[in-house]
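J.: My file is target13.cif. It has mmCIF, C-alpha atoms:
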```cif
data_protein
#
loop_
_atom_site.group_PDB
_atom_site.id
_atom_site.type_symbol
_atom_site.label_atom_id
_atom_site.label_comp_id
_atom_site.auth_asym_id
_atom_site.auth_seq_id
_atom_site.Cartn_x
_atom_site.Cartn_y
_atom_site.Cartn_z
ATOM 1 C CA MET A 5 102.678 116.300 107.823
ATOM 2 C CA ASN A 6 106.429 116.118 107.704
ATOM 3 C CA GLY A 7 108.316 116.627 104.461
ATOM 4 C CA PRO A 8 110.029 113.921 102.434
ATOM 5 C CA GLY A 9 113.167 112.178 103.647
ATOM 6 C CA VAL A 10 115.524 114.440 101.691
ATOM 7 C CA ALA A 11 118.389 116.391 103.248
ATOM 8 C CA ALA A 12 117.727 120.121 103.595
ATOM 9 C CA SER A 13 120.873 120.879 101.586
ATOM 10 C CA THR A 14 119.429 118.924 98.648
ATOM 11 C CA LEU A 15 116.264 121.023 98.753
ATOM 12 C CA ALA A 16 118.051 124.364 99.003
ATOM 13 C CA GLY A 17 118.411 124.831 95.247
ATOM 14 C CA MET A 18 114.840 123.882 94.332
ATOM 15 C CA SER A 19 113.460 127.380 93.812
ATOM 16 C CA GLY A 20 110.468 127.523 91.525
ATOM 17 C CA ILE A 21 109.380 123.876 91.811
ATOM 18 C CA PRO A 22 105.576 123.703 91.935
ATOM 19 C CA MET A 23 103.533 121.745 94.434
ATOM 20 C CA THR A 24 103.496 118.087 93.413
ATOM 21 C CA ILE A 25 100.948 115.277 93.602
ATOM 22 C CA VAL A 26 103.020 112.501 95.173
ATOM 23 C CA ALA A 27 100.254 109.860 95.039
ATOM 24 C CA ALA A 28 96.566 109.612 94.170
ATOM 25 C CA LEU A 29 94.335 106.558 94.511
ATOM 26 C CA PHE A 30 90.857 105.369 95.401
ATOM 27 C CA VAL A 31 90.503 104.075 98.965
ATOM 28 C CA GLU A 32 87.949 102.642 101.369
ATOM 29 C CA ASN A 33 89.507 104.270 104.439
ATOM 30 C CA PHE A 34 92.159 106.882 105.186
ATOM 31 C CA GLN A 35 93.423 107.910 108.644
ATOM 32 C CA LEU A 36 96.286 110.018 109.973
ATOM 33 C CA ARG A 37 98.132 109.214 113.195
ATOM 34 C CA GLN A 38 101.106 110.659 115.039
ATOM 35 C CA ALA A 39 104.334 108.705 115.383
ATOM 36 C CA PRO A 40 107.522 109.484 117.335
ATOM 37 C CA GLY A 41 109.575 112.299 115.947
ATOM 38 C CA PRO A 42 107.044 113.998 115.774
ATOM 39 C CA SER A 43 106.090 112.396 112.520
ATOM 40 C CA THR A 44 102.818 111.595 110.782
ATOM 41 C CA ARG A 45 101.746 108.206 109.501
ATOM 42 C CA ILE A 46 98.993 107.596 106.959
ATOM 43 C CA ASP A 47 96.965 104.429 107.307
ATOM 44 C CA ILE A 48 95.318 103.602 103.973
ATOM 45 C CA THR A 49 93.064 100.571 103.688
ATOM 46 C CA GLY A 50 91.152 99.211 100.767
ATOM 47 C CA ALA A 51 93.189 100.904 98.033
ATOM 48 C CA MET A 52 91.394 99.990 94.814
ATOM 49 C CA PHE A 53 91.195 100.545 91.119
ATOM 50 C CA SER A 54 87.933 98.632 90.624
ATOM 51 C CA MET A 55 84.852 97.477 92.491
ATOM 52 C CA ALA A 56 81.750 95.387 91.909
ATOM 53 C CA ALA A 57 78.630 97.501 91.501
ATOM 54 C CA PRO A 58 76.330 97.427 94.537
ATOM 55 C CA SER A 59 73.368 96.858 92.196
ATOM 56 C CA PRO A 60 72.756 96.422 88.454
ATOM 57 C CA ALA A 61 73.498 99.390 86.167
ATOM 58 C CA PRO A 62 72.535 102.129 85.883
ATOM 59 C CA VAL A 63 73.952 102.987 89.286
ATOM 60 C CA GLN A 64 75.602 105.887 91.108
ATOM 61 C CA ILE A 65 78.688 105.223 93.223
ATOM 62 C CA ASP A 66 80.754 107.524 95.410
ATOM 63 C CA PRO A 67 84.351 106.305 95.600
ATOM 64 C CA HIS A 68 86.826 108.244 97.750
ATOM 65 C CA LEU A 69 89.908 109.578 95.989
ATOM 66 C CA VAL A 70 92.826 110.632 98.172
ATOM 67 C CA ALA A 71 95.726 112.698 96.858
ATOM 68 C CA LEU A 72 98.950 113.401 98.739
ATOM 69 C CA ILE A 73 100.476 116.753 97.809
ATOM 70 C CA TRP A 74 103.963 118.038 98.636
ATOM 71 C CA CYS A 75 104.873 121.728 98.833
ATOM 72 C CA PRO A 76 108.555 122.575 98.294
ATOM 73 C CA PRO A 77 110.306 124.508 101.098
ATOM 74 C CA ASP A 78 110.195 127.755 99.116
ATOM 75 C CA GLY A 79 106.605 127.212 97.930
ATOM 76 C CA ALA A 80 103.729 129.611 98.535
ATOM 77 C CA GLY A 81 101.845 127.143 100.744
ATOM 78 C CA ALA A 82 98.485 127.796 99.086
ATOM 79 C CA GLY A 83 97.021 126.084 96.075
ATOM 80 C CA VAL A 84 93.955 124.755 94.345
ATOM 81 C CA PHE A 85 93.309 121.031 93.896
ATOM 82 C CA GLU A 86 91.157 120.137 90.905
ATOM 83 C CA VAL A 87 89.659 116.758 90.010
ATOM 84 C CA GLU A 88 87.693 115.980 86.856
ATOM 85 C CA PHE A 89 86.147 112.531 86.537
ATOM 86 C CA ARG A 90 86.135 111.681 82.829
ATOM 87 C CA ARG A 91 85.076 108.723 80.691
ATOM 88 C CA SER A 92 88.466 108.770 78.936
ATOM 89 C CA PRO A 93 92.101 108.777 80.099
ATOM 90 C CA THR A 94 92.703 111.721 77.753
ATOM 91 C CA ASP A 95 91.730 115.259 78.630
ATOM 92 C CA ASP A 96 89.101 115.407 75.873
ATOM 93 C CA GLY A 97 86.768 112.838 77.485
ATOM 94 C CA GLU A 98 83.318 113.700 78.821
ATOM 95 C CA VAL A 99 83.462 115.257 82.305
ATOM 96 C CA VAL A 100 80.966 113.390 84.517
ATOM 97 C CA ALA A 101 81.877 115.032 87.853
ATOM 98 C CA ARG A 102 84.197 117.807 88.996
ATOM 99 C CA ASN A 103 85.610 119.089 92.287
ATOM 100 C CA VAL A 104 87.772 122.149 92.929
ATOM 101 C CA SER A 105 89.039 122.963 96.416
ATOM 102 C CA PRO A 106 91.549 125.519 97.696
ATOM 103 C CA PHE A 107 94.020 124.365 100.335
ATOM 104 C CA THR A 108 96.969 125.495 102.411
ATOM 105 C CA VAL A 109 100.052 123.559 103.443
ATOM 106 C CA GLU A 110 103.172 124.548 105.340
ATOM 107 C CA PRO A 111 106.071 124.915 102.878
ATOM 108 C CA GLY A 112 108.319 121.847 102.947
ATOM 109 C CA LYS A 113 105.465 119.620 104.154
ATOM 110 C CA PHE A 114 102.729 117.367 102.808
ATOM 111 C CA THR A 115 98.967 117.723 102.843
ATOM 112 C CA TYR A 116 96.170 115.582 101.518
ATOM 113 C CA ARG A 117 92.930 116.148 99.674
ATOM 114 C CA LEU A 118 90.038 113.712 99.969
ATOM 115 C CA VAL A 119 87.413 113.869 97.226
ATOM 116 C CA LYS A 120 84.185 111.896 97.289
ATOM 117 C CA GLY A 121 83.109 111.504 93.681
ATOM 118 C CA GLU A 122 79.410 111.003 92.945
ATOM 119 C CA ILE A 123 79.554 109.265 89.596
ATOM 120 C CA ASP A 124 76.688 107.981 87.486
ATOM 121 C CA PHE A 125 77.435 104.766 85.623
ATOM 122 C CA PRO A 126 74.804 104.121 82.926
ATOM 123 C CA GLU A 127 76.710 100.867 82.286
ATOM 124 C CA TYR A 128 79.739 99.075 83.715
ATOM 125 C CA GLY A 129 83.083 100.469 82.641
ATOM 126 C CA GLN A 130 85.768 102.965 83.528
ATOM 127 C CA VAL A 131 86.105 106.527 84.674
ATOM 128 C CA PHE A 132 89.372 108.352 85.092
ATOM 129 C CA ALA A 133 90.083 110.859 87.856
ATOM 130 C CA HIS A 134 92.174 113.631 86.329
ATOM 131 C CA CYS A 135 93.882 115.441 89.239
ATOM 132 C CA ARG A 136 96.074 118.534 89.282
ATOM 133 C CA VAL A 137 97.333 121.338 91.495
ATOM 134 C CA ASP A 138 97.249 124.956 90.318
ATOM 135 C CA ARG A 139 96.588 124.115 86.659
ATOM 136 C CA GLY A 140 99.714 121.945 86.587
ATOM 137 C CA PRO A 141 100.028 118.626 84.764
ATOM 138 C CA TRP A 142 97.253 116.053 85.151
ATOM 139 C CA THR A 143 97.726 112.889 87.202
ATOM 140 C CA VAL A 144 95.266 110.284 85.912
ATOM 141 C CA VAL A 145 93.847 107.542 88.160
ATOM 142 C CA PRO A 146 91.631 104.827 86.565
ATOM 143 C CA PHE A 147 88.582 103.318 88.251
ATOM 144 C CA THR A 148 86.568 100.402 86.832
ATOM 145 C CA LEU A 149 83.025 99.512 87.818
ATOM 146 C CA LEU A 150 82.379 95.781 87.414
ATOM 147 C CA PRO A 151 79.041 93.921 87.308
ATOM 148 C CA PRO A 152 77.639 93.031 90.737
ATOM 149 C CA ALA A 153 79.307 90.084 92.429
ATOM 150 C CA ALA A 154 77.477 86.760 92.145
ATOM 151 C CA THR A 155 75.817 85.735 95.401
#
```
Turn the structure described in the file into structure tokens.

T.:
Amino acid sequence: MNGPGVAASTLAGMSGIPMTIVAALFVENFQLRQAPGPSTRIDITGAMFSMAAPSPAPVQIDPHLVALIWCPPDGAGAGVFEVEFRRSPTDDGEVVARNVSPFTVEPGKFTYRLVKGEIDFPEYGQVFAHCRVDRGPWTVVPFTLLPPAAT
């Protein structure tokens, strides 16, 4: 993917900046497409922070979390993306699912990570996706499971 819309001269003095999570959210669908330039477009549909359970609790759901990650021009281009699904927005909450995946990205460009969480909900409520790159700061994304929709 192409880098952010920032002049190269602005980026020149950014030595030592780590890879950054630009955005993270739960989605129903995620597709990449080429645009003139060449440039890449991301089509995201069904961005959500909650959903009705498909059946009464207890239930397991598998929401898709997408994270967009930017590597600075002088970055190494290799990293590790880590996601911990927790019952709390703080880092001391119970871990209910975890995913760790190495990745590569061309320095100065973006990449994405798509994580399909398999989360058990003994009751309706929230989980929080704690995301980070290379043991950096956590980005926390809430997700709420609601009772099934009335028919």

J.: Would you work out the distance separating CA of Phe107 in chain A from CA of Asp66 in chain A, expressed in Å to one decimal?

T.: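 Computing it gives 22.0 Å between the two atoms.
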
J.: Taking (87.7, 123.9, 91.2) in the coordinates of the supplied file, I want to know which residues reach to within 12 Å of it, counting only C-alpha atoms; could you give the answer as number ranges by chain?

T.: A: 83-88, 101-107, 119, 135-139

J.: Give the centre and edge lengths of an axis-aligned box, in Å to one decimal, that holds all listed atoms of range 81-96 of chain A with 5 Å on each side, as lines of an AutoDock Vina configuration file.

T.:
```
center_x = 93.5
center_y = 118.3
center_z = 88.3
size_x = 26.8
size_y = 29.1
size_z = 34.9
```

J.: For a test of reading the model, state the distance in Å between CA of Pro42 in chain A and CA of Gly81 in chain A, rounded to one decimal.

T.: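 That distance, rounded to one decimal, is 20.6 Å.
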
J.: Please evaluate the PyMOL selection byres ((chain A and resi 130) around 9) against the displayed coordinates and give the resulting residues as a list in words.

T.: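 When the PyMOL selection byres ((chain A and resi 130) around 9) is applied to the shown file, the picked residues are Ser54, Arg90, Arg91, Ser92, Phe125, Tyr128, Gly129, Val131, Phe132, Pro146, Phe147, Thr148, Leu149 and Leu150 of chain A.
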
J.: Please work out which residues fall within 12 Å of (75.8, 102.4, 94.8), coordinates as given in the file, with only C-alpha atoms counting, and return them as a PyMOL selection string.

T.: chain A and resi 55-67+121-125+149-152
